[in-house]
$ cat start_16.txt   # compact mmCIF, C-alpha atoms
# COMPACT_ATOMS: atom_id res chain seq x y z
CA MET A 1 11.33 7.62 28.56
CA SER A 2 11.72 5.90 25.16
CA LEU A 3 10.30 3.97 22.22
CA ILE A 4 11.71 0.95 20.39
CA LEU A 5 10.81 0.47 16.74
CA ARG A 6 10.53 -3.24 15.93
CA VAL A 7 10.29 -4.00 12.21
CA ASP A 8 9.30 -7.50 11.07
CA VAL A 9 10.42 -7.93 7.45
CA ASP A 10 8.00 -10.62 6.31
CA LYS A 11 7.22 -10.31 2.59
CA PRO A 12 10.34 -10.36 0.36
CA TYR A 13 8.54 -8.65 -2.54
CA GLY A 14 5.74 -6.94 -0.61
CA HIS A 15 2.05 -7.45 -1.36
CA GLY A 16 1.01 -4.27 -3.17
CA ASN A 17 -0.13 -6.08 -6.32
CA LEU A 18 -0.77 -9.63 -7.54
CA ILE A 19 2.74 -10.14 -8.94
CA GLN A 20 4.29 -9.10 -5.63
CA LYS A 21 1.96 -11.38 -3.67
CA ILE A 22 2.73 -14.41 -5.83
CA ALA A 23 6.48 -13.73 -5.90
CA SER A 24 6.58 -13.31 -2.12
CA LYS A 25 4.72 -16.58 -1.54
CA ILE A 26 6.90 -18.58 -3.92
CA THR A 27 10.09 -17.13 -2.43
CA GLU A 28 8.92 -17.72 1.15
CA ASP A 29 8.28 -21.40 0.43
CA TYR A 30 10.54 -22.43 -2.45
CA PHE A 31 13.01 -20.22 -4.36
CA ARG A 32 13.78 -16.67 -5.46
CA LEU A 33 12.26 -15.50 -8.76
CA PRO A 34 14.89 -13.71 -10.90
CA PHE A 35 12.41 -11.89 -13.15
CA VAL A 36 10.97 -9.84 -10.28
CA HIS A 37 14.02 -9.74 -8.03
CA SER A 38 15.61 -6.56 -9.35
CA LEU A 39 12.27 -4.72 -9.39
CA TYR A 40 10.68 -5.61 -6.08
CA TYR A 41 13.03 -7.46 -3.69
CA LEU A 42 12.88 -5.68 -0.31
CA HIS A 43 11.51 -2.58 -2.03
CA ALA A 44 9.10 -2.07 0.87
CA GLN A 45 11.92 -2.28 3.40
CA THR A 46 13.96 0.20 1.37
CA LYS A 47 11.03 2.60 1.40
CA LEU A 48 10.65 2.28 5.17
CA LEU A 49 14.40 2.68 5.74
CA ASP A 50 14.45 5.85 3.63
CA PHE A 51 11.53 7.17 5.70
CA CYS A 52 13.18 6.35 9.05
CA ASN A 53 16.53 7.78 7.96
CA ALA A 54 14.90 11.02 6.83
CA HIS A 55 13.38 11.38 10.32
CA GLY A 56 16.49 10.26 12.22
CA VAL A 57 14.71 7.28 13.80
CA GLN A 58 16.57 4.01 14.44
CA GLY A 59 14.88 0.62 14.47
CA ILE A 60 15.62 -3.09 14.80
CA PHE A 61 14.89 -4.93 11.56
CA TYR A 62 14.00 -8.59 12.05
CA GLN A 63 14.72 -10.41 8.79
CA ARG A 64 13.50 -13.87 7.81
CA SER A 65 15.68 -16.30 5.88
CA CYS A 66 13.70 -15.33 2.77
CA THR A 67 14.26 -11.61 3.41
CA LEU A 68 18.03 -11.69 3.80
CA PRO A 69 19.13 -8.05 3.37
CA ASN A 70 20.86 -7.16 0.12
CA LYS A 71 23.65 -4.60 -0.31
CA LYS A 72 21.27 -1.66 -0.74
CA VAL A 73 19.36 -2.51 2.42
CA LEU A 74 22.58 -3.07 4.38
CA ASN A 75 23.88 0.33 3.30
CA LEU A 76 20.66 2.02 4.44
CA ILE A 77 20.80 0.15 7.75
CA GLU A 78 24.39 1.27 8.34
CA THR A 79 23.61 4.86 7.33
CA GLY A 80 20.67 5.09 9.72
CA GLY A 81 22.29 3.34 12.67
CA HIS A 82 19.73 0.52 12.66
CA LYS A 83 20.21 -3.02 13.95
CA ILE A 84 19.47 -6.40 12.39
CA GLY A 85 17.75 -9.25 14.19
CA PHE A 86 16.47 -12.66 13.11
CA HIS A 87 12.79 -13.45 12.55
CA ALA A 88 12.59 -17.16 13.33
CA GLU A 89 10.29 -19.63 11.59
CA ASN A 90 11.44 -23.18 12.27
CA THR A 91 11.07 -23.19 16.05
CA ARG A 92 9.96 -26.83 16.31
CA SER A 93 12.98 -27.50 18.51
CA LYS A 94 16.09 -25.80 19.79
CA GLU A 95 18.08 -27.74 17.18
CA THR A 96 15.95 -26.63 14.22
CA PHE A 97 16.02 -23.04 15.45
CA SER A 98 19.80 -23.10 15.94
CA ALA A 99 20.34 -24.51 12.46
CA GLU A 100 18.09 -21.85 10.91
CA ILE A 101 19.74 -18.89 12.61
CA GLU A 102 23.29 -20.18 12.03
CA LEU A 103 22.59 -20.53 8.30
CA PHE A 104 21.19 -17.00 8.23
CA LYS A 105 24.20 -15.61 10.11
CA SER A 106 26.59 -17.33 7.71
CA LYS A 107 25.02 -15.41 4.80
CA LEU A 108 24.93 -12.07 6.63
CA LEU A 109 28.50 -10.97 6.12
CA ASN A 110 30.06 -8.41 8.49
CA HIS A 111 26.91 -8.03 10.60
CA SER A 112 26.24 -9.62 13.96
CA ILE A 113 22.90 -10.87 15.28
CA ASN A 114 22.20 -10.59 18.99
CA SER A 115 18.40 -10.92 19.13
CA PHE A 116 15.52 -12.76 17.53
CA THR A 117 11.73 -12.71 17.36
CA LYS A 118 9.14 -15.30 16.36
CA HIS A 119 7.30 -15.18 13.03
CA GLY A 120 3.56 -15.58 13.62
CA SER A 121 1.46 -15.66 16.77
CA GLY A 122 0.54 -19.33 16.84
CA GLN A 123 -2.74 -19.33 14.97
CA LEU A 124 -1.72 -19.79 11.32
CA LYS A 125 0.93 -21.72 9.41
CA LEU A 126 2.55 -18.94 7.41
CA GLY A 127 4.75 -20.86 5.02
CA LYS A 128 6.33 -24.19 4.17
CA HIS A 129 9.17 -23.75 6.68
CA HIS A 130 7.07 -22.12 9.39
CA TYR A 131 6.33 -23.94 12.63
CA PRO A 132 3.17 -22.17 13.76
CA LYS A 133 3.15 -22.76 17.52
CA TYR A 134 3.98 -19.64 19.54
CA GLU A 135 5.88 -20.65 22.70
CA PRO A 136 7.62 -17.61 24.21
CA ASP A 137 8.75 -19.32 27.42
CA LYS A 138 10.65 -21.82 25.30
CA TYR A 139 12.34 -19.05 23.29
CA ILE A 140 13.39 -17.21 26.44
CA ALA A 141 15.17 -20.37 27.63
CA TRP A 142 16.82 -20.86 24.22
CA ALA A 143 18.03 -17.28 24.21
CA LYS A 144 19.83 -17.81 27.52
CA ASP A 145 21.41 -21.04 26.31
CA LEU A 146 22.58 -19.52 23.02
CA ASN A 147 23.69 -16.13 24.36
CA LEU A 148 20.98 -14.29 22.42
CA LYS A 149 18.18 -11.92 23.34
CA PHE A 150 14.51 -12.68 22.90
CA PRO A 151 13.20 -9.25 23.92
CA PHE A 152 9.73 -9.08 22.36
CA GLY A 153 6.64 -11.25 22.28
CA ASN A 154 3.90 -10.99 19.67
CA GLU A 155 0.87 -9.98 21.72
CA ILE A 156 -1.34 -6.94 21.12
CA GLY A 157 -1.23 -4.40 23.94
CA ASP A 158 -4.70 -3.96 25.45
CA SER A 159 -3.72 -1.56 28.25
CA ALA A 160 -0.87 0.62 29.43
CA GLU A 161 0.18 -2.07 31.89
CA SER A 162 0.38 -4.76 29.20
CA LEU A 163 2.90 -2.69 27.21
CA ILE A 164 5.36 -2.33 30.09
CA ALA A 165 8.24 -4.80 30.16
CA LYS A 166 8.45 -7.42 32.91
CA ASP A 167 11.86 -8.92 33.64
CA ASN A 168 13.20 -7.06 30.57
CA PHE A 169 10.69 -8.83 28.30
CA HIS A 170 8.00 -6.99 26.34
CA SER A 171 5.22 -9.54 25.86
CA SER A 172 2.98 -7.00 24.08
CA MET A 173 3.48 -4.20 21.58
CA PHE A 174 1.69 -1.24 20.06
CA TRP A 175 0.95 -2.10 16.42
CA MET A 176 1.12 0.54 13.71
CA GLU A 177 -1.42 -1.48 11.72
CA ARG A 178 -4.74 -0.22 13.06
CA ASP A 179 -6.54 -3.55 12.62
CA TYR A 180 -4.17 -5.09 15.15
CA ARG A 181 -4.71 -2.54 17.91
CA HIS A 182 -6.94 -3.23 20.87
CA SER A 183 -9.86 -0.83 21.16
CA SER A 184 -8.99 0.06 24.75
CA PHE A 185 -5.48 1.25 23.84
CA SER A 186 -5.37 2.37 20.23
CA SER A 187 -4.49 6.06 19.97
CA LEU A 188 -1.07 7.52 19.31
CA GLU A 189 -1.70 10.06 22.06
CA GLN A 190 -2.12 7.26 24.61
CA LEU A 191 1.11 5.73 23.37
CA ILE A 192 3.06 8.97 23.68
CA GLU A 193 1.82 9.62 27.22
CA LEU A 194 2.95 6.16 28.29
CA ALA A 195 6.32 6.49 26.53
CA LYS A 196 7.07 9.61 28.59
CA THR A 197 7.68 7.38 31.60
CA GLU A 198 8.16 3.86 30.19
CA GLN A 199 10.04 2.06 27.43
CA ILE A 200 7.46 0.90 24.90
CA VAL A 201 7.76 -1.23 21.75
CA VAL A 202 6.11 -0.23 18.47
CA ILE A 203 5.88 -2.77 15.64
CA VAL A 204 5.48 -2.18 11.91
CA HIS A 205 5.79 -4.36 8.80
CA PRO A 206 7.46 -2.84 5.70
CA ALA A 207 4.98 -4.44 3.28
CA ASN A 208 2.09 -2.80 5.13
CA PHE A 209 3.92 0.52 5.34
CA ALA A 210 4.51 0.50 1.59
CA THR A 211 0.94 -0.52 0.74
CA PHE A 212 -1.35 1.23 3.22
CA LYS A 213 -1.60 5.01 3.57
CA ASP A 214 -2.92 4.86 7.14
CA VAL A 215 0.23 3.02 8.30
CA GLN A 216 2.42 5.64 6.63
CA GLU A 217 0.41 8.52 8.10
CA ASP A 218 0.35 7.07 11.61
CA LEU A 219 4.08 6.36 11.64
CA LYS A 220 4.81 9.91 10.44
CA THR A 221 2.54 11.30 13.16
CA LEU A 222 4.22 9.13 15.78
CA PHE A 223 7.68 10.31 14.72
CA THR A 224 6.48 13.92 14.94
CA LEU A 225 4.85 13.46 18.35
CA ALA A 226 7.90 11.66 19.76
CA LYS A 227 10.18 14.47 18.63
CA ALA A 228 7.86 17.15 20.03
CA ASN A 229 7.79 15.37 23.40
CA GLU A 230 11.54 14.65 23.41
CA ILE A 231 11.02 10.88 23.48
CA LYS A 232 14.05 8.97 22.24
CA TRP A 233 14.12 5.92 19.97
CA GLU A 234 16.36 3.12 21.26
CA VAL A 235 18.11 0.15 19.70
CA PHE A 236 20.36 -2.45 21.33
$ encode --input "start_16.txt" --output "structure tokens"
Amino acid sequence: MSLILRVDVDKPYGHGNLIQKIASKITEDYFRLPFVHSLYYLHAQTKLLDFCNAHGVQGIFYQRSCTLPNKKVLNLIETGGHKIGFHAENTRSKETFSAEIELFKSKLLNHSINSFTKHGSGQLKLGKHHYPKYEPDKYIAWAKDLNLKFPFGNEIGDSAESLIAKDNFHSSMFWMERDYRHSSFSSLEQLIELAKTEQIVVIVHPANFATFKDVQEDLKTLFTLAKANEIKWEVF
């Protein structure tokens, strides 16, 4: 049937070396660092976008407030036919979430946002502005109230059944990062067989794609297998 590529753009400067790690952390919590901005800002996302565009694969890129896309990224998104979503952090209340996404939308000129995801899975506080609790039922209700989509949860798929949407909501995904795959459903071949009959979500993080060879290799293999089996990539 089809695959959906969900991309969570978490680290503004990546994490490939110490400078990138420090710059990402400072920017996530406080302010942008001019001396590394021109060299590293969203470099990992640019690398992933170039890769997707070369293979003709569209994805939905969920940006945080600290990873607001720049002109180069926006041009690559438009060229490849990708979509932009919001990766929410301050989900303490409907009011804090609404304020966060409205501020983001006001800075994202000429691009609309119709869906959001949650940053983090509830176990760690991942930044100064991050509310760690993961409460998907709450976000589903907010989405209805605010005329948005909350299409994807943050769980790890542990079986074919867990990866199939229920009531148009995918609670679990297939992770391109191998450490986040469940041992009972971890191979790309299993994923492709399921995607022949179902719509399945695949998640990848640009910083991991840019840093780790196994993520790059697995995503390339998945693109190749999907094409060979005539499985389409969908965005909405």
$ axis_aligned_box --input "start_16.txt" --around "range 152-159 of chain A" --padding-each-side "4 Å" --output "lines of an AutoDock Vina configuration file"
center_x = 2.5
center_y = -6.4
center_z = 24.0
size_x = 22.4
size_y = 17.7
size_z = 16.6
$ residues_around --input "start_16.txt" --residues "Ile19 in chain A" --least-positions-apart "5" --cutoff "9 Å" --atoms "all atoms listed in the file" --output "PyMOL selection string"
chain A and resi 13+24+36
$ atom_distance --input "start_16.txt" --atom1 "CA of Ser159 in chain A" --atom2 "CA of Phe185 in chain A"
5.5 Å
$ residues_around --input "start_16.txt" --residues "range 37-47 of chain A" --least-positions-apart "5" --cutoff "7 Å" --atoms "all atoms listed in the file" --output "PyMOL selection string"
chain A and resi 12-14+73+206-207+210
$ atom_distance --input "start_16.txt" --atom1 "CA of Met1 in chain A" --atom2 "CA of Lys227 in chain A"
12.1 Å
$ closest_residue --input "start_16.txt" --among "A:Cys66, A:Ile113, A:Met176, A:Val7" --to "Lys213 in chain A" --atoms "only C-alpha atoms"
A:Met176
$ residues_around --input "start_16.txt" --residues "Leu76 in chain A" --least-positions-apart "6" --cutoff "10 Å" --atoms "all atoms listed in the file" --output "short mmCIF file (atom, residue, chain, number, x, y, z; two decimals) with C-alpha atoms, keeping the file's coordinate frame"
data_model
loop_
_atom_site.label_atom_id
_atom_site.label_comp_id
_atom_site.auth_asym_id
_atom_site.auth_seq_id
_atom_site.Cartn_x
_atom_site.Cartn_y
_atom_site.Cartn_z
CA GLN A 45 11.92 -2.28 3.40
CA THR A 46 13.96 0.20 1.37
CA LEU A 49 14.40 2.68 5.74
CA ASP A 50 14.45 5.85 3.63
CA CYS A 52 13.18 6.35 9.05
CA ASN A 53 16.53 7.78 7.96
CA HIS A 82 19.73 0.52 12.66
#
$ residues_near_point --input "start_16.txt" --point "(13.9, -10.6, 17.1)" --cutoff "10 Å" --atoms "only C-alpha atoms" --output "PyMOL selection string"
chain A and resi 6-8+60-64+84-88+113-119+148-153
$ write_last_selection --input "start_16.txt" --atoms "C-alpha atoms" --output "compact mmCIF listing (two decimals), in the coordinates of the input"
# COMPACT_ATOMS: atom_id res chain seq x y z
CA ARG A 6 10.53 -3.24 15.93
CA VAL A 7 10.29 -4.00 12.21
CA ASP A 8 9.30 -7.50 11.07
CA ILE A 60 15.62 -3.09 14.80
CA PHE A 61 14.89 -4.93 11.56
CA TYR A 62 14.00 -8.59 12.05
CA GLN A 63 14.72 -10.41 8.79
CA ARG A 64 13.50 -13.87 7.81
CA ILE A 84 19.47 -6.40 12.39
CA GLY A 85 17.75 -9.25 14.19
CA PHE A 86 16.47 -12.66 13.11
CA HIS A 87 12.79 -13.45 12.55
CA ALA A 88 12.59 -17.16 13.33
CA ILE A 113 22.90 -10.87 15.28
CA ASN A 114 22.20 -10.59 18.99
CA SER A 115 18.40 -10.92 19.13
CA PHE A 116 15.52 -12.76 17.53
CA THR A 117 11.73 -12.71 17.36
CA LYS A 118 9.14 -15.30 16.36
CA HIS A 119 7.30 -15.18 13.03
CA LEU A 148 20.98 -14.29 22.42
CA LYS A 149 18.18 -11.92 23.34
CA PHE A 150 14.51 -12.68 22.90
CA PRO A 151 13.20 -9.25 23.92
CA PHE A 152 9.73 -9.08 22.36
CA GLY A 153 6.64 -11.25 22.28
$ residues_around --input "start_16.txt" --residues "range 218-220 of chain A" --least-positions-apart "5" --cutoff "12 Å" --atoms "only C-alpha atoms" --output "NGL selection string"
:A and (5 or 48 or 51-52 or 54-57 or 174-178 or 186-189 or 191 or 202-206 or 208-210 or 212-213 or 225-227)
$ build_atoms --input "start_16.txt" --residues "range 148-159 of chain A" --atoms "all heavy atoms" --output "tab-separated table (two decimals), keeping the file's coordinate frame"
chain	number	residue	atom	x	y	z
A	148	LEU	N	21.74	-15.20	23.27
A	148	LEU	CA	20.98	-14.29	22.42
A	148	LEU	C	19.93	-13.59	23.28
A	148	LEU	O	19.70	-13.94	24.43
A	148	LEU	CB	20.28	-15.06	21.29
A	148	LEU	CG	21.17	-15.71	20.24
A	148	LEU	CD1	20.35	-16.68	19.40
A	148	LEU	CD2	21.80	-14.65	19.35
A	149	LYS	N	19.28	-12.60	22.69
A	149	LYS	CA	18.18	-11.92	23.34
A	149	LYS	C	16.88	-12.28	22.64
A	149	LYS	O	16.82	-12.31	21.40
A	149	LYS	CB	18.37	-10.40	23.30
A	149	LYS	CG	19.56	-9.90	24.09
A	149	LYS	CD	19.70	-8.38	23.96
A	149	LYS	CE	20.91	-7.88	24.73
A	149	LYS	NZ	21.07	-6.40	24.59
A	150	PHE	N	15.86	-12.56	23.42
A	150	PHE	CA	14.51	-12.68	22.90
A	150	PHE	C	13.69	-11.63	23.63
A	150	PHE	O	13.06	-11.88	24.65
A	150	PHE	CB	13.95	-14.09	23.14
A	150	PHE	CG	12.52	-14.26	22.70
A	150	PHE	CD1	12.19	-14.20	21.36
A	150	PHE	CD2	11.51	-14.46	23.62
A	150	PHE	CE1	10.88	-14.34	20.94
A	150	PHE	CE2	10.19	-14.61	23.22
A	150	PHE	CZ	9.87	-14.55	21.88
A	151	PRO	N	13.72	-10.39	23.14
A	151	PRO	CA	13.20	-9.25	23.92
A	151	PRO	C	11.72	-8.99	23.77
A	151	PRO	O	11.13	-8.32	24.62
A	151	PRO	CB	14.01	-8.07	23.36
A	151	PRO	CG	14.28	-8.45	21.94
A	151	PRO	CD	14.39	-9.94	21.91
A	152	PHE	N	11.10	-9.47	22.68
A	152	PHE	CA	9.73	-9.08	22.36
A	152	PHE	C	8.85	-10.29	22.05
A	152	PHE	O	9.21	-11.15	21.25
A	152	PHE	CB	9.69	-8.17	21.12
A	152	PHE	CG	10.71	-7.07	21.12
A	152	PHE	CD1	11.54	-6.88	20.03
A	152	PHE	CD2	10.84	-6.22	22.22
A	152	PHE	CE1	12.48	-5.86	20.00
A	152	PHE	CE2	11.79	-5.20	22.21
A	152	PHE	CZ	12.61	-5.03	21.11
A	153	GLY	N	7.67	-10.31	22.67
A	153	GLY	CA	6.64	-11.25	22.28
A	153	GLY	C	5.81	-10.69	21.15
A	153	GLY	O	6.13	-9.64	20.59
A	154	ASN	N	4.71	-11.36	20.83
A	154	ASN	CA	3.90	-10.99	19.67
A	154	ASN	C	2.48	-10.59	20.04
A	154	ASN	O	1.61	-10.55	19.17
A	154	ASN	CB	3.85	-12.14	18.66
A	154	ASN	CG	5.17	-12.37	17.96
A	154	ASN	OD1	6.09	-11.56	18.09
A	154	ASN	ND2	5.29	-13.46	17.24
A	155	GLU	N	2.23	-10.29	21.30
A	155	GLU	CA	0.87	-9.98	21.72
A	155	GLU	C	0.50	-8.53	21.39
A	155	GLU	O	1.36	-7.66	21.22
A	155	GLU	CB	0.72	-10.21	23.23
A	155	GLU	CG	1.09	-11.62	23.68
A	155	GLU	CD	0.19	-12.68	23.09
A	155	GLU	OE1	-0.97	-12.36	22.72
A	155	GLU	OE2	0.62	-13.85	23.00
A	156	ILE	N	-0.80	-8.29	21.35
A	156	ILE	CA	-1.34	-6.94	21.12
A	156	ILE	C	-1.59	-6.29	22.47
A	156	ILE	O	-2.29	-6.85	23.32
A	156	ILE	CB	-2.65	-7.01	20.31
A	156	ILE	CG1	-2.38	-7.58	18.92
A	156	ILE	CG2	-3.30	-5.64	20.21
A	156	ILE	CD1	-3.65	-7.88	18.13
A	157	GLY	N	-1.02	-5.11	22.68
A	157	GLY	CA	-1.23	-4.40	23.94
A	157	GLY	C	-2.69	-3.98	24.10
A	157	GLY	O	-3.23	-3.32	23.22
A	158	ASP	N	-3.30	-4.34	25.21
A	158	ASP	CA	-4.70	-3.96	25.45
A	158	ASP	C	-4.85	-2.97	26.60
A	158	ASP	O	-5.95	-2.59	26.96
A	158	ASP	CB	-5.56	-5.20	25.71
A	158	ASP	CG	-5.10	-5.99	26.94
A	158	ASP	OD1	-4.14	-5.55	27.63
A	158	ASP	OD2	-5.70	-7.06	27.21
A	159	SER	N	-3.71	-2.54	27.15
A	159	SER	CA	-3.72	-1.56	28.25
A	159	SER	C	-2.32	-1.01	28.39
A	159	SER	O	-1.34	-1.56	27.84
A	159	SER	CB	-4.15	-2.22	29.56
A	159	SER	OG	-3.19	-3.20	29.95
